Amino acid sequence: MIGLITKIYRGRKMQEYQYVYEIYKAHSFSKAAKNLYVSQPALSATIKKIEERLGCQLFERTTTSLEITKEGEAYIETAKKIMELEEELKVKLDDLSELKTGSLVLAGTAFFSSYIIPPVVKEYRRRYENINLAFEESDSLLLYKMAEDRNLDLIIDAGICDTEHFEKLVLYRENIILAVPNEMIPVSVKNLAFTGDEIKAGRHLSGHDRSVDIAVFQKLPFLLLKKEHDLYQRAMALCGERGFVPISDMHLNQLLTSYNLTKQGFGISLVSDSLVRYSENRNVSYFKCKAEDPELLKRDVFVAYRKNRHVSRAMKCFIELAQEIYKDAF
């Protein structure tokens, strides 16, 4: 009986931490209530009881805003630590069950979620059918923030990784090439273009050099990703080596979007050869670019997870399987 009472009390305490933390994240009682699937009056009553028990106010409420107090900040800091410990305990207990139960949340950009993750998930589900798998798809820049908030376990991404806060395990290396709508290709370099079939066959990786100077395309519109993205930085560096700034009035969130717009004739874009291998390639051709720094034309595709967290057996098995599947990729 005492054990049952302890369990109920512990469950209520965790619920309180979650309620306060959700209000803190949402900056709103109504939004937090919606996210928690409770009524706003019930949520407000719970917070009032917590504040009365603690003898302090956690939130400053006005008709137009909601601000956390100093006491509230101290509560949130402790609540996050407790929730993290609770999650780590759950993960460790899942490990002891020999993958007979557990969960795994994966995340990637539209391209990785569509093409790179699914083959691993298919085999993973076959081997570990009792693990509950969930997907998150987002702009690359948001994935790491989501992981810091403990909303996901593993990120599959390419290019930039915050290695100060995340562990990174490489799956394979991909090559960066230039995608150009067929109607925009300058006559002077038509003979150096690769077709989609040639890229899929790996012809661009052969020793025969068909590289072009990216300056040949400097008068054409470039479809760039947003400034914080890896491919934006590579595009600016490649063009900078040749002494020009690319013409661009589009800054996009996803590689898949810029590539699809290129196929529709909106402009040229830097893409990965792994994207080309998985895509239809109508109305577009590809070029290898010359570069003073060869590393601008190669980047790692990797799995990442937050440092200083318990790596569950479910996570380890997924990483090992992904490395197995992609060890001889491309």
# chains A, B, ... in the order shown; residues from 1 in each chain; ligands from 1
$ select_by_dssp --residues "region 138-253 of chain A" --states "strand (DSSP E)" --output "ChimeraX atom specification"
/A:154-158,166-181,211-212,221-225,247-252
$ write_last_selection --atoms "C-alpha atoms" --output "short mmCIF file (atom, residue, chain, number, x, y, z; two decimals), in the first residue's frame"
data_model
loop_
_atom_site.label_atom_id
_atom_site.label_comp_id
_atom_site.auth_asym_id
_atom_site.auth_seq_id
_atom_site.Cartn_x
_atom_site.Cartn_y
_atom_site.Cartn_z
CA LEU A 154 18.78 10.73 -33.02
CA ILE A 155 19.34 13.23 -35.83
CA ILE A 156 20.29 12.13 -39.35
CA ASP A 157 21.84 15.10 -41.12
CA ALA A 158 24.76 16.30 -43.25
CA PHE A 166 26.47 16.62 -29.94
CA GLU A 167 28.20 13.33 -30.68
CA LYS A 168 28.56 12.67 -34.41
CA LEU A 169 28.97 9.26 -36.09
CA VAL A 170 29.62 9.31 -39.84
CA LEU A 171 27.55 7.07 -42.12
CA TYR A 172 29.10 8.04 -45.47
CA ARG A 173 30.52 10.94 -47.46
CA GLU A 174 28.61 12.63 -50.24
CA ASN A 175 29.76 14.91 -53.04
CA ILE A 176 28.49 18.41 -53.76
CA ILE A 177 27.64 19.20 -57.38
CA LEU A 178 25.87 21.98 -59.27
CA ALA A 179 22.36 21.36 -60.63
CA VAL A 180 21.47 23.51 -63.67
CA PRO A 181 18.19 23.62 -65.65
CA SER A 211 35.11 19.96 -63.76
CA VAL A 212 33.96 23.48 -64.62
CA PRO A 221 20.15 33.10 -60.64
CA PHE A 222 21.25 30.90 -57.73
CA LEU A 223 18.76 29.20 -55.39
CA LEU A 224 20.47 29.39 -52.01
CA LEU A 225 19.56 28.01 -48.63
CA ILE A 247 22.86 36.45 -57.77
CA SER A 248 20.01 35.25 -55.56
CA ASP A 249 16.62 36.50 -54.40
CA MET A 250 15.55 33.15 -52.88
CA HIS A 251 16.86 31.82 -49.56
CA LEU A 252 15.19 28.50 -48.74
#
$ closest_atom_pairs --of "region 32-78 of chain A" --to "region 13-20 of chain A" --cutoff "12 Å" --atoms "only C-alpha atoms" --output "JSON lines"
{"residue": "A:Ala32", "atom": "CA", "partner": "A:Tyr19", "partner_atom": "CA", "distance": 7.7}
{"residue": "A:Ala33", "atom": "CA", "partner": "A:Tyr19", "partner_atom": "CA", "distance": 8.4}
{"residue": "A:Lys34", "atom": "CA", "partner": "A:Tyr19", "partner_atom": "CA", "distance": 11.3}
{"residue": "A:Asn35", "atom": "CA", "partner": "A:Tyr19", "partner_atom": "CA", "distance": 9.8}
{"residue": "A:Leu36", "atom": "CA", "partner": "A:Tyr19", "partner_atom": "CA", "distance": 7.6}
{"residue": "A:Tyr37", "atom": "CA", "partner": "A:Tyr19", "partner_atom": "CA", "distance": 10.8}
{"residue": "A:Val38", "atom": "CA", "partner": "A:Tyr19", "partner_atom": "CA", "distance": 9.9}
{"residue": "A:Ser39", "atom": "CA", "partner": "A:Tyr19", "partner_atom": "CA", "distance": 11.9}
{"residue": "A:Gln40", "atom": "CA", "partner": "A:Tyr19", "partner_atom": "CA", "distance": 11.2}
{"residue": "A:Ala42", "atom": "CA", "partner": "A:Tyr19", "partner_atom": "CA", "distance": 10.7}
{"residue": "A:Leu43", "atom": "CA", "partner": "A:Tyr19", "partner_atom": "CA", "distance": 7.4}
{"residue": "A:Ser44", "atom": "CA", "partner": "A:Tyr19", "partner_atom": "CA", "distance": 9.8}
{"residue": "A:Ala45", "atom": "CA", "partner": "A:Tyr19", "partner_atom": "CA", "distance": 11.2}
{"residue": "A:Thr46", "atom": "CA", "partner": "A:Glu16", "partner_atom": "CA", "distance": 7.6}
{"residue": "A:Ile47", "atom": "CA", "partner": "A:Val20", "partner_atom": "CA", "distance": 7.2}
{"residue": "A:Lys48", "atom": "CA", "partner": "A:Val20", "partner_atom": "CA", "distance": 10.8}
{"residue": "A:Lys49", "atom": "CA", "partner": "A:Glu16", "partner_atom": "CA", "distance": 10.0}
{"residue": "A:Ile50", "atom": "CA", "partner": "A:Glu16", "partner_atom": "CA", "distance": 7.8}
{"residue": "A:Glu51", "atom": "CA", "partner": "A:Val20", "partner_atom": "CA", "distance": 10.5}
{"residue": "A:Gln57", "atom": "CA", "partner": "A:Val20", "partner_atom": "CA", "distance": 11.7}
{"residue": "A:Leu58", "atom": "CA", "partner": "A:Val20", "partner_atom": "CA", "distance": 8.5}
{"residue": "A:Phe59", "atom": "CA", "partner": "A:Val20", "partner_atom": "CA", "distance": 9.4}
{"residue": "A:Ile68", "atom": "CA", "partner": "A:Val20", "partner_atom": "CA", "distance": 10.1}
{"residue": "A:Gly72", "atom": "CA", "partner": "A:Val20", "partner_atom": "CA", "distance": 8.7}
{"residue": "A:Glu73", "atom": "CA", "partner": "A:Val20", "partner_atom": "CA", "distance": 10.4}
{"residue": "A:Ala74", "atom": "CA", "partner": "A:Val20", "partner_atom": "CA", "distance": 11.7}
{"residue": "A:Tyr75", "atom": "CA", "partner": "A:Tyr17", "partner_atom": "CA", "distance": 8.4}
{"residue": "A:Ile76", "atom": "CA", "partner": "A:Val20", "partner_atom": "CA", "distance": 7.4}
{"residue": "A:Glu77", "atom": "CA", "partner": "A:Tyr17", "partner_atom": "CA", "distance": 10.3}
{"residue": "A:Thr78", "atom": "CA", "partner": "A:Tyr17", "partner_atom": "CA", "distance": 9.0}
$ write_last_selection --atoms "N, CA and C atoms" --output "PDB file, in the first residue's frame"
ATOM      1  N   ALA A  32      -0.288  26.128 -23.383  1.00  0.00           N
ATOM      2  CA  ALA A  32       0.217  25.002 -22.606  1.00  0.00           C
ATOM      3  C   ALA A  32      -0.903  24.006 -22.317  1.00  0.00           C
ATOM      4  N   ALA A  33      -2.071  24.516 -21.972  1.00  0.00           N
ATOM      5  CA  ALA A  33      -3.211  23.636 -21.702  1.00  0.00           C
ATOM      6  C   ALA A  33      -3.559  22.805 -22.934  1.00  0.00           C
ATOM      7  N   LYS A  34      -3.524  23.440 -24.094  1.00  0.00           N
ATOM      8  CA  LYS A  34      -3.806  22.728 -25.346  1.00  0.00           C
ATOM      9  C   LYS A  34      -2.771  21.653 -25.601  1.00  0.00           C
ATOM     10  N   ASN A  35      -1.498  21.969 -25.376  1.00  0.00           N
ATOM     11  CA  ASN A  35      -0.421  21.003 -25.592  1.00  0.00           C
ATOM     12  C   ASN A  35      -0.481  19.839 -24.618  1.00  0.00           C
ATOM     13  N   LEU A  36      -0.977  20.117 -23.409  1.00  0.00           N
ATOM     14  CA  LEU A  36      -1.044  19.088 -22.365  1.00  0.00           C
ATOM     15  C   LEU A  36      -2.372  18.324 -22.358  1.00  0.00           C
ATOM     16  N   TYR A  37      -3.308  18.742 -23.219  1.00  0.00           N
ATOM     17  CA  TYR A  37      -4.639  18.119 -23.314  1.00  0.00           C
ATOM     18  C   TYR A  37      -5.397  18.214 -21.978  1.00  0.00           C
ATOM     19  N   VAL A  38      -5.295  19.390 -21.348  1.00  0.00           N
ATOM     20  CA  VAL A  38      -6.072  19.660 -20.143  1.00  0.00           C
ATOM     21  C   VAL A  38      -6.790  20.989 -20.337  1.00  0.00           C
ATOM     22  N   SER A  39      -7.778  21.261 -19.508  1.00  0.00           N
ATOM     23  CA  SER A  39      -8.477  22.539 -19.613  1.00  0.00           C
ATOM     24  C   SER A  39      -7.627  23.641 -18.983  1.00  0.00           C
ATOM     25  N   GLN A  40      -7.832  24.864 -19.462  1.00  0.00           N
ATOM     26  CA  GLN A  40      -7.057  25.977 -18.909  1.00  0.00           C
ATOM     27  C   GLN A  40      -7.379  26.225 -17.431  1.00  0.00           C
ATOM     28  N   ALA A  42      -8.224  24.039 -15.196  1.00  0.00           N
ATOM     29  CA  ALA A  42      -7.575  22.983 -14.420  1.00  0.00           C
ATOM     30  C   ALA A  42      -6.079  23.239 -14.296  1.00  0.00           C
ATOM     31  N   LEU A  43      -5.465  23.695 -15.392  1.00  0.00           N
ATOM     32  CA  LEU A  43      -4.034  23.996 -15.373  1.00  0.00           C
ATOM     33  C   LEU A  43      -3.748  25.163 -14.435  1.00  0.00           C
ATOM     34  N   SER A  44      -4.554  26.210 -14.524  1.00  0.00           N
ATOM     35  CA  SER A  44      -4.373  27.384 -13.649  1.00  0.00           C
ATOM     36  C   SER A  44      -4.513  27.000 -12.185  1.00  0.00           C
ATOM     37  N   ALA A  45      -5.488  26.139 -11.882  1.00  0.00           N
ATOM     38  CA  ALA A  45      -5.705  25.699 -10.500  1.00  0.00           C
ATOM     39  C   ALA A  45      -4.508  24.905  -9.983  1.00  0.00           C
ATOM     40  N   THR A  46      -3.926  24.063 -10.851  1.00  0.00           N
ATOM     41  CA  THR A  46      -2.764  23.269 -10.455  1.00  0.00           C
ATOM     42  C   THR A  46      -1.576  24.172 -10.146  1.00  0.00           C
ATOM     43  N   ILE A  47      -1.340  25.163 -10.995  1.00  0.00           N
ATOM     44  CA  ILE A  47      -0.216  26.082 -10.778  1.00  0.00           C
ATOM     45  C   ILE A  47      -0.418  26.885  -9.496  1.00  0.00           C
ATOM     46  N   LYS A  48      -1.666  27.278  -9.237  1.00  0.00           N
ATOM     47  CA  LYS A  48      -1.959  28.037  -8.021  1.00  0.00           C
ATOM     48  C   LYS A  48      -1.647  27.207  -6.780  1.00  0.00           C
ATOM     49  N   LYS A  49      -2.002  25.919  -6.810  1.00  0.00           N
ATOM     50  CA  LYS A  49      -1.712  25.028  -5.678  1.00  0.00           C
ATOM     51  C   LYS A  49      -0.213  24.873  -5.469  1.00  0.00           C
ATOM     52  N   ILE A  50       0.524  24.742  -6.582  1.00  0.00           N
ATOM     53  CA  ILE A  50       1.983  24.615  -6.473  1.00  0.00           C
ATOM     54  C   ILE A  50       2.572  25.879  -5.842  1.00  0.00           C
ATOM     55  N   GLU A  51       2.116  27.036  -6.314  1.00  0.00           N
ATOM     56  CA  GLU A  51       2.630  28.307  -5.793  1.00  0.00           C
ATOM     57  C   GLU A  51       2.286  28.468  -4.315  1.00  0.00           C
ATOM     58  N   GLN A  57       5.558  32.947  -6.102  1.00  0.00           N
ATOM     59  CA  GLN A  57       4.900  33.012  -7.401  1.00  0.00           C
ATOM     60  C   GLN A  57       5.887  32.588  -8.491  1.00  0.00           C
ATOM     61  N   LEU A  58       5.438  31.695  -9.379  1.00  0.00           N
ATOM     62  CA  LEU A  58       6.303  31.192 -10.451  1.00  0.00           C
ATOM     63  C   LEU A  58       6.197  32.026 -11.716  1.00  0.00           C
ATOM     64  N   PHE A  59       5.018  32.609 -11.945  1.00  0.00           N
ATOM     65  CA  PHE A  59       4.790  33.396 -13.165  1.00  0.00           C
ATOM     66  C   PHE A  59       4.159  34.741 -12.819  1.00  0.00           C
ATOM     67  N   ILE A  68       8.176  34.666 -16.490  1.00  0.00           N
ATOM     68  CA  ILE A  68       8.584  33.805 -15.390  1.00  0.00           C
ATOM     69  C   ILE A  68       9.339  34.627 -14.357  1.00  0.00           C
ATOM     70  N   GLY A  72      10.508  31.180 -10.345  1.00  0.00           N
ATOM     71  CA  GLY A  72      10.086  30.275 -11.398  1.00  0.00           C
ATOM     72  C   GLY A  72      11.270  29.717 -12.182  1.00  0.00           C
ATOM     73  N   GLU A  73      12.271  30.577 -12.436  1.00  0.00           N
ATOM     74  CA  GLU A  73      13.471  30.122 -13.142  1.00  0.00           C
ATOM     75  C   GLU A  73      14.197  29.040 -12.348  1.00  0.00           C
ATOM     76  N   ALA A  74      14.268  29.234 -11.021  1.00  0.00           N
ATOM     77  CA  ALA A  74      14.913  28.228 -10.173  1.00  0.00           C
ATOM     78  C   ALA A  74      14.128  26.914 -10.209  1.00  0.00           C
ATOM     79  N   TYR A  75      12.797  27.028 -10.200  1.00  0.00           N
ATOM     80  CA  TYR A  75      11.943  25.828 -10.268  1.00  0.00           C
ATOM     81  C   TYR A  75      12.171  25.097 -11.595  1.00  0.00           C
ATOM     82  N   ILE A  76      12.206  25.846 -12.705  1.00  0.00           N
ATOM     83  CA  ILE A  76      12.388  25.249 -14.035  1.00  0.00           C
ATOM     84  C   ILE A  76      13.739  24.543 -14.129  1.00  0.00           C
ATOM     85  N   GLU A  77      14.771  25.185 -13.619  1.00  0.00           N
ATOM     86  CA  GLU A  77      16.114  24.587 -13.671  1.00  0.00           C
ATOM     87  C   GLU A  77      16.134  23.242 -12.962  1.00  0.00           C
ATOM     88  N   THR A  78      15.501  23.169 -11.785  1.00  0.00           N
ATOM     89  CA  THR A  78      15.454  21.909 -11.046  1.00  0.00           C
ATOM     90  C   THR A  78      14.532  20.908 -11.725  1.00  0.00           C
TER      91      THR A  78
END
$ atom_distance --atom1 "CA of Ile214 (chain A)" --atom2 "CA of Val187 (chain A)"
14.3 Å
$ closest_atom_pairs --of "region 69-151 of chain A" --to "region 300-311 of chain A" --cutoff "10 Å" --atoms "only C-alpha atoms" --output "Markdown table"
| residue | atom | partner | partner_atom | distance |
| --- | --- | --- | --- | --- |
| A:Glu84 | CA | A:Arg309 | CA | 8.7 |
| A:Leu85 | CA | A:Arg309 | CA | 9.7 |
| A:Glu87 | CA | A:His310 | CA | 9.2 |
| A:Glu88 | CA | A:His310 | CA | 6.2 |
| A:Leu89 | CA | A:His310 | CA | 9.1 |
| A:Val91 | CA | A:His310 | CA | 7.6 |
| A:Lys92 | CA | A:His310 | CA | 7.9 |
| A:Asp95 | CA | A:Val311 | CA | 9.7 |
| A:Leu106 | CA | A:Val303 | CA | 9.8 |
| A:Ala107 | CA | A:Val303 | CA | 9.8 |
| A:Gly108 | CA | A:Val303 | CA | 9.6 |
| A:Phe112 | CA | A:Val301 | CA | 9.6 |
| A:Ile116 | CA | A:Val301 | CA | 9.7 |
| A:Tyr144 | CA | A:Arg306 | CA | 8.4 |
| A:Ala147 | CA | A:Arg306 | CA | 6.7 |
| A:Glu148 | CA | A:Arg306 | CA | 6.9 |
| A:Asp149 | CA | A:Arg306 | CA | 10.0 |
| A:Arg150 | CA | A:Arg306 | CA | 8.7 |
$ atom_distance --atom1 "CA of Thr64 (chain A)" --atom2 "CA of Lys25 (chain A)"
16.8 Å
$ residues_around --residues "Asp209 (chain A)" --least-positions-apart "3" --cutoff "9 Å" --atoms "only C-alpha atoms" --output "list in words"
His204, Ser206 and Lys288 of chain A
